[in-house]
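Pasting my_file19.cif here (mmCIF, C-alpha atoms):
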```
data_model
loop_
_atom_site.label_atom_id
_atom_site.label_comp_id
_atom_site.auth_asym_id
_atom_site.auth_seq_id
_atom_site.Cartn_x
_atom_site.Cartn_y
_atom_site.Cartn_z
CA MET A 68 -28.08 -20.80 -98.69
CA ALA A 69 -29.79 -18.73 -95.98
CA ARG A 70 -29.48 -20.06 -92.46
CA LEU A 71 -32.62 -21.18 -90.63
CA LYS A 72 -33.60 -18.87 -87.79
CA PHE A 73 -34.84 -20.13 -84.43
CA CYS A 74 -36.55 -18.07 -81.75
CA PHE A 75 -36.80 -19.76 -78.33
CA VAL A 76 -39.26 -18.78 -75.58
CA HIS A 77 -38.63 -20.19 -72.10
CA GLY A 78 -41.25 -21.31 -69.59
CA PHE A 79 -42.33 -20.20 -66.13
CA LEU A 80 -39.34 -19.85 -63.78
CA GLY A 81 -37.22 -19.94 -66.92
CA LYS A 82 -34.34 -17.93 -68.31
CA PRO A 83 -32.98 -17.55 -71.86
CA LYS A 84 -29.86 -19.52 -70.84
CA ASP A 85 -32.08 -22.58 -70.30
CA TRP A 86 -31.84 -23.18 -74.03
CA ASP A 87 -28.02 -23.37 -74.10
CA PRO A 88 -27.76 -27.20 -73.96
CA LEU A 89 -30.31 -27.66 -76.76
CA ILE A 90 -28.74 -24.92 -78.89
CA ALA A 91 -25.34 -26.58 -78.42
CA GLU A 92 -26.74 -29.89 -79.69
CA LEU A 93 -28.46 -28.26 -82.67
CA THR A 94 -25.22 -26.46 -83.53
CA ARG A 95 -23.34 -29.76 -83.33
CA LEU A 96 -25.78 -31.32 -85.79
CA ASN A 97 -25.65 -28.37 -88.17
CA PRO A 98 -22.68 -26.08 -87.39
CA GLU A 99 -23.34 -23.52 -90.13
CA GLY A 100 -27.04 -23.91 -90.83
CA PHE A 101 -28.82 -22.25 -87.91
CA GLU A 102 -29.19 -18.87 -86.23
CA PHE A 103 -30.63 -18.57 -82.71
CA ILE A 104 -32.27 -15.90 -80.60
CA THR A 105 -33.57 -16.53 -77.08
CA TYR A 106 -36.44 -14.33 -75.98
CA ASP A 107 -36.63 -13.16 -72.35
CA ILE A 108 -40.23 -13.08 -71.09
CA TRP A 109 -39.23 -11.13 -67.97
CA ARG A 110 -37.49 -8.35 -69.90
CA ASP A 111 -40.67 -7.28 -71.68
CA LEU A 112 -43.25 -8.14 -69.02
CA ASP A 113 -43.15 -4.69 -67.40
CA ARG A 114 -43.99 -3.14 -70.76
CA LEU A 115 -47.34 -4.89 -70.77
CA PRO A 116 -50.23 -3.41 -68.73
CA GLN A 117 -51.43 -5.30 -65.67
CA ASN A 118 -53.90 -8.10 -66.42
CA SER A 119 -52.64 -8.41 -70.00
CA SER A 120 -53.90 -11.45 -71.83
CA MET A 121 -51.84 -14.05 -73.65
CA GLU A 122 -53.10 -12.48 -76.88
CA ASP A 123 -51.69 -9.13 -75.70
CA TRP A 124 -48.33 -10.80 -75.14
CA GLY A 125 -48.48 -12.41 -78.59
CA GLN A 126 -49.05 -9.07 -80.30
CA ARG A 127 -46.16 -7.42 -78.48
CA PHE A 128 -43.89 -10.38 -79.14
CA VAL A 129 -44.48 -10.14 -82.89
CA ASN A 130 -43.74 -6.41 -82.77
CA VAL A 131 -40.42 -6.69 -80.94
CA ILE A 132 -38.74 -9.71 -82.56
CA GLY A 133 -36.78 -9.35 -85.78
CA ASP A 134 -38.01 -9.91 -89.30
CA GLY A 135 -37.65 -13.68 -89.43
CA PRO A 136 -39.19 -15.85 -90.59
CA TYR A 137 -38.48 -18.01 -87.56
CA THR A 138 -39.00 -21.50 -86.35
CA MET A 139 -40.54 -20.63 -82.99
CA VAL A 140 -39.79 -22.96 -80.08
CA GLY A 141 -41.62 -22.67 -76.76
CA TYR A 142 -41.44 -24.71 -73.59
CA SER A 143 -44.51 -25.14 -71.36
CA LEU A 144 -45.78 -21.60 -70.64
CA GLY A 145 -43.58 -20.27 -73.45
CA GLY A 146 -45.31 -22.57 -75.89
CA ARG A 147 -48.75 -21.63 -74.60
CA LEU A 148 -47.89 -17.98 -75.15
CA LEU A 149 -46.76 -18.71 -78.70
CA LEU A 150 -50.11 -20.37 -79.37
CA HIS A 151 -51.67 -16.93 -78.92
CA GLY A 152 -49.57 -15.11 -81.52
CA PRO A 153 -51.31 -13.49 -84.52
CA TRP A 154 -49.89 -16.11 -86.86
CA THR A 155 -52.67 -16.07 -89.45
CA ILE A 156 -51.53 -12.58 -90.49
CA SER A 157 -47.85 -12.47 -89.49
CA PRO A 158 -45.07 -13.44 -91.92
CA LYS A 159 -42.61 -13.90 -89.04
CA ILE A 160 -43.32 -17.58 -88.41
CA GLU A 161 -42.17 -20.48 -90.57
CA LYS A 162 -42.66 -23.40 -88.20
CA LEU A 163 -43.73 -23.86 -84.58
CA ILE A 164 -42.35 -26.32 -82.02
CA LEU A 165 -44.12 -26.80 -78.69
CA ILE A 166 -42.30 -28.66 -75.90
CA SER A 167 -44.63 -29.85 -73.12
CA SER A 168 -47.18 -27.10 -73.83
CA LYS A 169 -50.85 -27.73 -73.18
CA ILE A 170 -53.19 -27.13 -76.10
CA SER A 171 -56.27 -28.59 -74.43
CA LEU A 172 -58.96 -26.41 -72.97
CA ILE A 173 -60.06 -26.63 -69.37
CA PRO A 174 -63.78 -27.40 -69.03
CA GLU A 175 -65.73 -24.36 -67.89
CA THR A 176 -66.64 -26.18 -64.68
CA GLN A 177 -62.92 -26.45 -63.77
CA ARG A 178 -61.72 -22.97 -64.73
CA ALA A 179 -62.42 -21.41 -61.34
CA ARG A 180 -60.54 -24.23 -59.60
CA ARG A 181 -57.46 -23.76 -61.81
CA LEU A 182 -57.53 -19.97 -61.40
CA ASN A 183 -57.74 -20.39 -57.63
CA ALA A 184 -54.84 -22.86 -57.62
CA ASP A 185 -52.65 -20.48 -59.61
CA ASP A 186 -53.62 -17.60 -57.33
CA ILE A 187 -52.46 -19.66 -54.34
CA TRP A 188 -49.11 -20.29 -56.08
CA SER A 189 -48.91 -16.60 -56.89
CA GLN A 190 -49.23 -15.72 -53.21
CA LYS A 191 -46.60 -18.31 -52.32
CA PHE A 192 -44.11 -16.81 -54.73
CA LEU A 193 -44.83 -13.35 -53.33
CA ASN A 194 -44.66 -14.15 -49.65
CA GLU A 195 -42.99 -17.42 -48.70
CA PRO A 196 -39.26 -18.00 -48.20
CA TRP A 197 -37.62 -18.81 -51.53
CA GLU A 198 -36.28 -22.18 -50.44
CA LYS A 199 -39.71 -23.31 -49.28
CA VAL A 200 -41.65 -22.22 -52.34
CA MET A 201 -39.03 -23.73 -54.66
CA HIS A 202 -39.13 -27.01 -52.75
CA ASP A 203 -42.92 -27.08 -53.01
CA TRP A 204 -42.86 -26.14 -56.71
CA GLU A 205 -40.28 -28.73 -57.70
CA SER A 206 -42.05 -31.41 -55.64
CA GLN A 207 -45.12 -31.32 -57.89
CA GLU A 208 -46.08 -34.58 -59.58
CA ILE A 209 -45.50 -33.10 -63.05
CA PHE A 210 -41.74 -32.79 -62.43
CA LYS A 211 -41.07 -36.13 -60.75
CA LYS A 212 -39.94 -37.85 -63.96
CA ASP A 213 -37.41 -35.12 -64.79
CA SER A 214 -33.86 -36.27 -64.10
CA VAL A 215 -32.47 -32.75 -64.65
CA ARG A 216 -34.00 -29.51 -63.38
CA PRO A 217 -32.11 -26.17 -63.36
CA LEU A 218 -31.27 -24.56 -60.05
CA ARG A 219 -33.28 -21.37 -59.63
CA ARG A 220 -31.86 -18.53 -57.54
CA GLU A 221 -34.06 -15.82 -56.06
CA SER A 222 -31.66 -13.14 -57.30
CA GLU A 223 -32.45 -14.09 -60.92
CA PHE A 224 -36.14 -13.23 -60.70
CA SER A 225 -38.67 -10.64 -59.67
CA ARG A 226 -41.17 -12.27 -57.33
CA VAL A 227 -43.80 -9.78 -58.51
CA SER A 228 -43.28 -10.83 -62.12
CA LEU A 229 -43.47 -14.52 -61.26
CA ALA A 230 -46.69 -13.97 -59.34
CA ARG A 231 -48.15 -11.93 -62.16
CA THR A 232 -47.56 -14.57 -64.83
CA LEU A 233 -49.27 -17.18 -62.67
CA THR A 234 -52.45 -15.10 -62.49
CA ASP A 235 -52.46 -13.26 -65.83
CA TRP A 236 -51.52 -16.32 -67.90
CA SER A 237 -53.08 -19.10 -65.87
CA LEU A 238 -54.22 -22.12 -67.86
CA GLY A 239 -57.63 -21.16 -66.50
CA HIS A 240 -57.57 -18.12 -68.82
CA GLN A 241 -56.60 -20.10 -71.93
CA ARG A 242 -59.37 -20.05 -74.53
CA LEU A 243 -57.84 -21.33 -77.73
CA ASN A 244 -59.82 -21.47 -80.93
CA LEU A 245 -59.10 -25.02 -82.08
CA GLN A 246 -60.65 -24.33 -85.49
CA GLY A 247 -58.27 -21.42 -85.83
CA LEU A 248 -55.32 -23.68 -85.00
CA LYS A 249 -56.49 -26.10 -87.69
CA SER A 250 -56.35 -23.29 -90.25
CA TRP A 251 -52.66 -22.50 -89.68
CA LYS A 252 -50.71 -23.05 -92.90
CA PHE A 253 -47.31 -23.78 -91.32
CA PRO A 254 -46.10 -27.05 -89.72
CA VAL A 255 -46.42 -27.49 -85.95
CA LEU A 256 -44.49 -30.09 -83.97
CA CYS A 257 -45.42 -31.02 -80.40
CA ILE A 258 -42.67 -32.70 -78.37
CA HIS A 259 -43.59 -34.63 -75.22
CA GLY A 260 -41.54 -36.67 -72.79
CA LYS A 261 -42.70 -40.28 -72.77
CA GLU A 262 -42.98 -40.23 -68.98
CA ASP A 263 -44.95 -36.97 -68.79
CA VAL A 264 -48.43 -38.23 -67.96
CA SER A 265 -49.79 -34.67 -67.96
CA GLN A 266 -49.46 -34.68 -71.76
CA LEU A 267 -51.51 -37.84 -72.39
CA PRO A 268 -54.77 -35.91 -73.01
CA GLN A 269 -52.99 -33.88 -75.71
CA LYS A 270 -52.56 -36.78 -78.16
CA PRO A 271 -56.13 -36.97 -79.52
CA ILE A 272 -56.30 -33.18 -79.74
CA ILE A 273 -53.09 -33.01 -81.79
CA ASN A 274 -54.30 -35.82 -84.04
CA ASP A 275 -57.53 -33.91 -84.63
CA LEU A 276 -55.81 -30.65 -85.59
CA GLY A 277 -54.94 -31.88 -89.07
CA ARG A 278 -51.99 -32.75 -91.25
CA ASN A 279 -49.90 -29.70 -90.37
CA TRP A 280 -49.70 -30.88 -86.75
CA SER A 281 -47.50 -33.73 -85.56
CA LEU A 282 -46.33 -35.26 -82.29
CA ALA A 283 -42.92 -36.63 -81.34
CA GLU A 284 -42.31 -38.47 -78.08
CA VAL A 285 -38.82 -38.43 -76.58
CA SER A 286 -37.20 -39.80 -73.44
CA GLY A 287 -37.87 -38.07 -70.14
CA GLY A 288 -40.64 -36.22 -68.37
CA HIS A 289 -41.97 -32.68 -68.52
CA SER A 290 -38.59 -31.05 -69.33
CA PRO A 291 -36.88 -33.27 -71.94
CA GLN A 292 -34.79 -30.37 -73.28
CA PHE A 293 -32.92 -30.36 -69.95
CA SER A 294 -32.47 -34.10 -69.45
CA HIS A 295 -32.19 -35.27 -73.08
CA PRO A 296 -31.12 -32.28 -75.21
CA SER A 297 -29.38 -34.41 -77.83
CA GLU A 298 -32.51 -36.48 -78.46
CA VAL A 299 -34.71 -33.39 -78.65
CA ALA A 300 -32.22 -31.77 -81.04
CA VAL A 301 -32.33 -34.75 -83.40
CA VAL A 302 -36.14 -34.53 -83.52
CA ILE A 303 -36.06 -30.79 -84.16
CA ASN A 304 -33.33 -31.06 -86.80
CA LYS A 305 -35.37 -33.64 -88.70
CA PHE A 306 -38.49 -31.45 -88.47
CA VAL A 307 -36.87 -28.30 -89.89
CA ARG A 308 -34.75 -29.87 -92.64
#
```

Written as C-alpha coordinates, how would this file's structure read?
Amino acid sequence: MARLKFCFVHGFLGKPKDWDPLIAELTRLNPEGFEFITYDIWRDLDRLPQNSSMEDWGQRFVNVIGDGPYTMVGYSLGGRLLLHGPWTISPKIEKLILISSKISLIPETQRARRLNADDIWSQKFLNEPWEKVMHDWESQEIFKKDSVRPLRRESEFSRVSLARTLTDWSLGHQRLNLQGLKSWKFPVLCIHGKEDVSQLPQKPIINDLGRNWSLAEVSGGHSPQFSHPSEVAVVINKFVR
(Lines of atoms letter the chains of each structure in order from A and count residues from 1; the text may use other names and numbers.)
(Lines give C-alpha, C1' and ligand atoms only; values in the text may rest on other atoms or scores of the structure.)
Protein backbone atom coordinates (compact mmCIF):
# COMPACT_ATOMS: atom_id res chain seq x y z
CA MET A 1 0.00 0.00 0.00
CA ALA A 2 1.39 3.42 -0.99
CA ARG A 3 2.32 5.69 1.87
CA LEU A 4 0.41 8.95 2.33
CA LYS A 5 2.47 12.02 1.53
CA PHE A 6 2.38 15.18 3.62
CA CYS A 7 3.74 18.58 2.64
CA PHE A 8 4.05 21.10 5.50
CA VAL A 9 4.29 24.88 5.06
CA HIS A 10 5.37 26.92 8.10
CA GLY A 11 4.10 30.35 9.11
CA PHE A 12 5.63 33.79 9.49
CA LEU A 13 8.81 33.68 11.58
CA GLY A 14 8.73 29.94 11.00
CA LYS A 15 11.22 27.29 9.96
CA PRO A 16 10.76 23.79 8.50
CA LYS A 17 12.00 22.30 11.79
CA ASP A 18 8.91 23.74 13.50
CA TRP A 19 7.03 20.68 12.26
CA ASP A 20 9.35 18.15 13.94
CA PRO A 21 7.19 17.59 17.07
CA LEU A 22 4.02 17.07 15.02
CA ILE A 23 5.79 14.80 12.52
CA ALA A 24 7.16 12.75 15.42
CA GLU A 25 3.64 12.26 16.79
CA LEU A 26 2.22 11.34 13.37
CA THR A 27 5.04 8.84 12.90
CA ARG A 28 4.30 7.34 16.32
CA LEU A 29 0.66 6.86 15.32
CA ASN A 30 1.52 5.36 11.94
CA PRO A 31 5.21 4.34 11.77
CA GLU A 32 5.16 3.04 8.19
CA GLY A 33 2.22 4.85 6.64
CA PHE A 34 3.40 8.41 6.05
CA GLU A 35 6.01 10.36 4.10
CA PHE A 36 6.84 13.98 4.99
CA ILE A 37 8.37 16.97 3.28
CA THR A 38 8.70 20.38 4.93
CA TYR A 39 8.71 23.34 2.59
CA ASP A 40 10.91 26.36 3.37
CA ILE A 41 9.21 29.64 2.45
CA TRP A 42 12.45 31.59 2.87
CA ARG A 43 14.44 29.39 0.49
CA ASP A 44 12.27 30.23 -2.50
CA LEU A 45 11.25 33.79 -1.60
CA ASP A 46 14.17 35.40 -3.44
CA ARG A 47 13.11 33.60 -6.61
CA LEU A 48 9.85 35.53 -6.64
CA PRO A 49 9.81 39.12 -7.98
CA GLN A 50 9.23 41.96 -5.53
CA ASN A 51 5.55 42.61 -4.74
CA SER A 52 4.59 39.07 -5.73
CA SER A 53 1.07 38.10 -4.78
CA MET A 54 -0.02 35.06 -2.81
CA GLU A 55 -1.29 33.64 -6.11
CA ASP A 56 2.23 34.06 -7.55
CA TRP A 57 3.60 32.10 -4.60
CA GLY A 58 0.97 29.38 -5.10
CA GLN A 59 1.92 28.90 -8.74
CA ARG A 60 5.63 28.63 -7.95
CA PHE A 61 4.95 26.28 -5.05
CA VAL A 62 3.06 23.87 -7.30
CA ASN A 63 5.90 23.97 -9.81
CA VAL A 64 8.69 23.17 -7.35
CA ILE A 65 7.17 20.47 -5.12
CA GLY A 66 7.24 16.83 -6.15
CA ASP A 67 4.54 14.90 -7.93
CA GLY A 68 2.36 14.08 -4.93
CA PRO A 69 -0.50 13.91 -4.45
CA TYR A 70 -0.04 15.45 -1.02
CA THR A 71 -2.01 16.24 2.05
CA MET A 72 -0.97 19.88 2.37
CA VAL A 73 -0.65 21.28 5.89
CA GLY A 74 -0.17 25.00 6.52
CA TYR A 75 0.08 27.00 9.72
CA SER A 76 -1.18 30.60 9.87
CA LEU A 77 0.53 32.43 6.96
CA GLY A 78 1.53 29.07 5.47
CA GLY A 79 -2.11 28.05 5.35
CA ARG A 80 -3.17 31.36 3.84
CA LEU A 81 -0.58 30.87 1.11
CA LEU A 82 -1.88 27.37 0.42
CA LEU A 83 -5.38 28.81 -0.01
CA HIS A 84 -4.04 30.60 -3.08
CA GLY A 85 -2.71 27.53 -4.88
CA PRO A 86 -4.16 26.60 -8.31
CA TRP A 87 -5.90 23.58 -6.83
CA THR A 88 -8.82 23.43 -9.27
CA ILE A 89 -6.39 22.37 -12.00
CA SER A 90 -3.49 20.76 -10.09
CA PRO A 91 -3.38 17.01 -9.37
CA LYS A 92 -0.81 17.54 -6.61
CA ILE A 93 -3.27 17.98 -3.75
CA GLU A 94 -5.29 15.23 -2.09
CA LYS A 95 -6.37 16.96 1.11
CA LEU A 96 -5.74 20.32 2.78
CA ILE A 97 -5.25 21.04 6.49
CA LEU A 98 -5.21 24.62 7.75
CA ILE A 99 -3.96 25.30 11.29
CA SER A 100 -4.97 28.74 12.60
CA SER A 101 -5.22 30.21 9.09
CA LYS A 102 -7.69 32.98 8.38
CA ILE A 103 -10.12 32.37 5.54
CA SER A 104 -12.28 35.42 6.21
CA LEU A 105 -12.00 38.54 4.13
CA ILE A 106 -11.25 41.93 5.60
CA PRO A 107 -13.99 44.48 4.83
CA GLU A 108 -12.84 47.00 2.24
CA THR A 109 -13.14 49.77 4.83
CA GLN A 110 -10.50 48.02 7.00
CA ARG A 111 -7.99 46.98 4.34
CA ALA A 112 -5.97 50.19 4.50
CA ARG A 113 -5.74 49.91 8.29
CA ARG A 114 -4.44 46.33 8.12
CA LEU A 115 -1.94 47.18 5.36
CA ASN A 116 -0.67 50.10 7.43
CA ALA A 117 -0.33 47.92 10.54
CA ASP A 118 1.68 45.31 8.63
CA ASP A 119 3.85 48.03 7.12
CA ILE A 120 4.65 49.27 10.64
CA TRP A 121 5.65 45.73 11.65
CA SER A 122 7.71 45.46 8.50
CA GLN A 123 9.69 48.56 9.47
CA LYS A 124 10.17 47.20 12.98
CA PHE A 125 11.64 43.97 11.67
CA LEU A 126 13.95 45.94 9.38
CA ASN A 127 15.19 48.50 11.86
CA GLU A 128 14.66 47.71 15.53
CA PRO A 129 16.93 45.61 17.75
CA TRP A 130 16.00 41.94 17.43
CA GLU A 131 15.25 41.46 21.12
CA LYS A 132 12.85 44.40 21.14
CA VAL A 133 10.92 43.47 18.02
CA MET A 134 10.64 39.84 19.13
CA HIS A 135 9.38 40.92 22.55
CA ASP A 136 6.78 43.15 20.92
CA TRP A 137 5.76 40.45 18.43
CA GLU A 138 5.38 37.71 21.00
CA SER A 139 3.48 40.05 23.35
CA GLN A 140 0.56 40.34 20.92
CA GLU A 141 -2.84 39.26 22.23
CA ILE A 142 -3.08 36.46 19.64
CA PHE A 143 -0.19 34.55 21.24
CA LYS A 144 -1.09 34.95 24.91
CA LYS A 145 -2.86 31.57 25.14
CA ASP A 146 0.11 29.68 23.67
CA SER A 147 1.99 27.76 26.35
CA VAL A 148 4.84 26.91 23.94
CA ARG A 149 6.42 29.28 21.42
CA PRO A 150 9.73 28.51 19.64
CA LEU A 151 12.74 30.67 20.35
CA ARG A 152 13.62 32.70 17.26
CA ARG A 153 17.23 33.74 16.66
CA GLU A 154 18.15 36.62 14.39
CA SER A 155 20.81 34.49 12.71
CA GLU A 156 18.11 32.15 11.36
CA PHE A 157 16.36 34.81 9.29
CA SER A 158 16.79 37.55 6.74
CA ARG A 159 15.21 40.71 8.11
CA VAL A 160 14.54 41.85 4.54
CA SER A 161 12.62 38.65 3.81
CA LEU A 162 10.58 38.94 7.00
CA ALA A 163 9.70 42.54 6.18
CA ARG A 164 8.78 41.62 2.64
CA THR A 165 6.33 38.88 3.63
CA LEU A 166 4.56 41.27 5.99
CA THR A 167 3.88 43.72 3.16
CA ASP A 168 3.54 41.46 0.11
CA TRP A 169 1.31 38.89 1.86
CA SER A 170 -0.52 41.05 4.35
CA LEU A 171 -4.01 39.90 5.24
CA GLY A 172 -5.01 43.24 3.76
CA HIS A 173 -4.11 41.86 0.32
CA GLN A 174 -6.09 38.63 0.73
CA ARG A 175 -9.01 38.47 -1.70
CA LEU A 176 -10.23 34.90 -1.64
CA ASN A 177 -13.02 33.75 -3.89
CA LEU A 178 -15.27 31.96 -1.42
CA GLN A 179 -17.36 30.47 -4.24
CA GLY A 180 -14.17 29.06 -5.68
CA LEU A 181 -13.30 27.49 -2.32
CA LYS A 182 -16.75 25.90 -2.24
CA SER A 183 -16.04 24.25 -5.59
CA TRP A 184 -12.92 22.40 -4.41
CA LYS A 185 -13.43 18.64 -4.75
CA PHE A 186 -10.99 17.55 -2.02
CA PRO A 187 -11.53 17.55 1.77
CA VAL A 188 -10.34 20.54 3.81
CA LEU A 189 -9.84 20.44 7.58
CA CYS A 190 -9.43 23.61 9.64
CA ILE A 191 -7.81 23.15 13.06
CA HIS A 192 -8.20 25.87 15.70
CA GLY A 193 -7.06 26.10 19.29
CA LYS A 194 -10.05 26.39 21.62
CA GLU A 195 -8.53 29.43 23.30
CA ASP A 196 -7.68 31.28 20.07
CA VAL A 197 -10.34 33.98 20.01
CA SER A 198 -9.00 35.32 16.70
CA GLN A 199 -10.48 32.25 15.00
CA LEU A 200 -14.05 32.68 16.30
CA PRO A 201 -15.23 34.56 13.17
CA GLN A 202 -14.02 31.65 11.02
CA LYS A 203 -16.63 29.15 12.25
CA PRO A 204 -19.65 30.40 10.27
CA ILE A 205 -17.51 30.84 7.17
CA ILE A 206 -16.24 27.25 7.36
CA ASN A 207 -19.76 25.97 7.94
CA ASP A 208 -20.92 27.85 4.84
CA LEU A 209 -18.21 26.44 2.58
CA GLY A 210 -19.96 23.10 2.19
CA ARG A 211 -19.57 19.45 3.02
CA ASN A 212 -15.92 19.16 1.95
CA TRP A 213 -14.93 21.61 4.70
CA SER A 214 -14.75 20.71 8.38
CA LEU A 215 -13.50 22.22 11.63
CA ALA A 216 -11.73 20.56 14.55
CA GLU A 217 -11.03 22.38 17.79
CA VAL A 218 -8.09 21.26 19.93
CA SER A 219 -6.50 22.41 23.17
CA GLY A 220 -4.39 25.56 23.16
CA GLY A 221 -4.24 28.92 21.46
CA HIS A 222 -2.97 30.12 18.11
CA SER A 223 -0.14 27.55 17.85
CA PRO A 224 -1.57 24.19 18.99
CA GLN A 225 0.98 22.21 16.97
CA PHE A 226 3.68 23.52 19.34
CA SER A 227 1.86 23.11 22.66
CA HIS A 228 -0.29 20.05 21.92
CA PRO A 229 1.31 18.15 19.00
CA SER A 230 -0.05 14.77 20.09
CA GLU A 231 -3.64 16.04 20.10
CA VAL A 232 -3.22 17.72 16.72
CA ALA A 233 -1.66 14.53 15.33
CA VAL A 234 -4.64 12.43 16.44
CA VAL A 235 -7.02 14.82 14.65
CA ILE A 236 -4.92 14.78 11.48
CA ASN A 237 -4.49 10.99 11.53
CA LYS A 238 -8.26 10.54 11.76
CA PHE A 239 -8.81 13.01 8.91
CA VAL A 240 -6.44 11.31 6.45
CA ARG A 241 -7.26 7.67 7.20

Can you list what the PyMOL selection byres ((chain A and resi 253) around 9) grabs from this structure, as a PyMOL selection string?
chain A and resi 160-163+251-252+254-255+279-280

Preceding selection exported with C-alpha atoms as a PDB file, keeping the file's coordinate frame:
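out-v8.pdb was written with the following content:
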```
ATOM      1  CA  ILE A 160     -43.320 -17.580 -88.410  1.00  0.00           C
ATOM      2  CA  GLU A 161     -42.170 -20.480 -90.570  1.00  0.00           C
ATOM      3  CA  LYS A 162     -42.660 -23.400 -88.200  1.00  0.00           C
ATOM      4  CA  LEU A 163     -43.730 -23.860 -84.580  1.00  0.00           C
ATOM      5  CA  TRP A 251     -52.660 -22.500 -89.680  1.00  0.00           C
ATOM      6  CA  LYS A 252     -50.710 -23.050 -92.900  1.00  0.00           C
ATOM      7  CA  PRO A 254     -46.100 -27.050 -89.720  1.00  0.00           C
ATOM      8  CA  VAL A 255     -46.420 -27.490 -85.950  1.00  0.00           C
ATOM      9  CA  ASN A 279     -49.900 -29.700 -90.370  1.00  0.00           C
ATOM     10  CA  TRP A 280     -49.700 -30.880 -86.750  1.00  0.00           C
TER      11      TRP A 280
END
```

Excluding Arg95 (chain A) and any residue of its chain fewer than 3 positions from it, enumerate the residues within 12 Å of it, using only C-alpha atoms, and give them as a count of residues only.
14

Once the PyMOL selection byres ((chain A and resi 69-83) around 8) has been evaluated on this model, what residues remain selected, and can you format them as a count of residues only?
31

So what does the PyMOL selection byres ((chain A and resi 262) around 6) actually pick up in this one, as an NGL selection string?
:A and (260-261 or 263-264 or 287-288)

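Protein and nucleic acid residues near (-49.0, -11.6, -70.4) are A:Ile108, A:Leu112, A:Leu115, A:Pro116, A:Gln117, A:Asn118, A:Ser119, A:Ser120, A:Met121, A:Glu122, A:Asp123, A:Trp124, A:Gly125, A:Leu148, A:Arg231, A:Thr232, A:Asp235, A:Trp236, the criterion being any atom at most 9 Å away using all atoms listed in the file.
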
Fewer than 5 positions away in the same chain doesn't count, so skip those; otherwise give me all residues within 8 Å of region 180-185 of chain A, counting only C-alpha atoms, as a short mmCIF file (atom, residue, chain, number, x, y, z; two decimals) with C-alpha atoms, keeping the file's coordinate frame.
```cif
data_model
loop_
_atom_site.label_atom_id
_atom_site.label_comp_id
_atom_site.auth_asym_id
_atom_site.auth_seq_id
_atom_site.Cartn_x
_atom_site.Cartn_y
_atom_site.Cartn_z
CA LEU A 233 -49.27 -17.18 -62.67
CA THR A 234 -52.45 -15.10 -62.49
CA SER A 237 -53.08 -19.10 -65.87
CA LEU A 238 -54.22 -22.12 -67.86
CA GLY A 239 -57.63 -21.16 -66.50
CA HIS A 240 -57.57 -18.12 -68.82
#
```

Using only C-alpha atoms, the best pick from A:Trp109, A:Ala230, A:Ile258, A:Glu284 as closest to Asn194 (chain A) would be A:Ala230
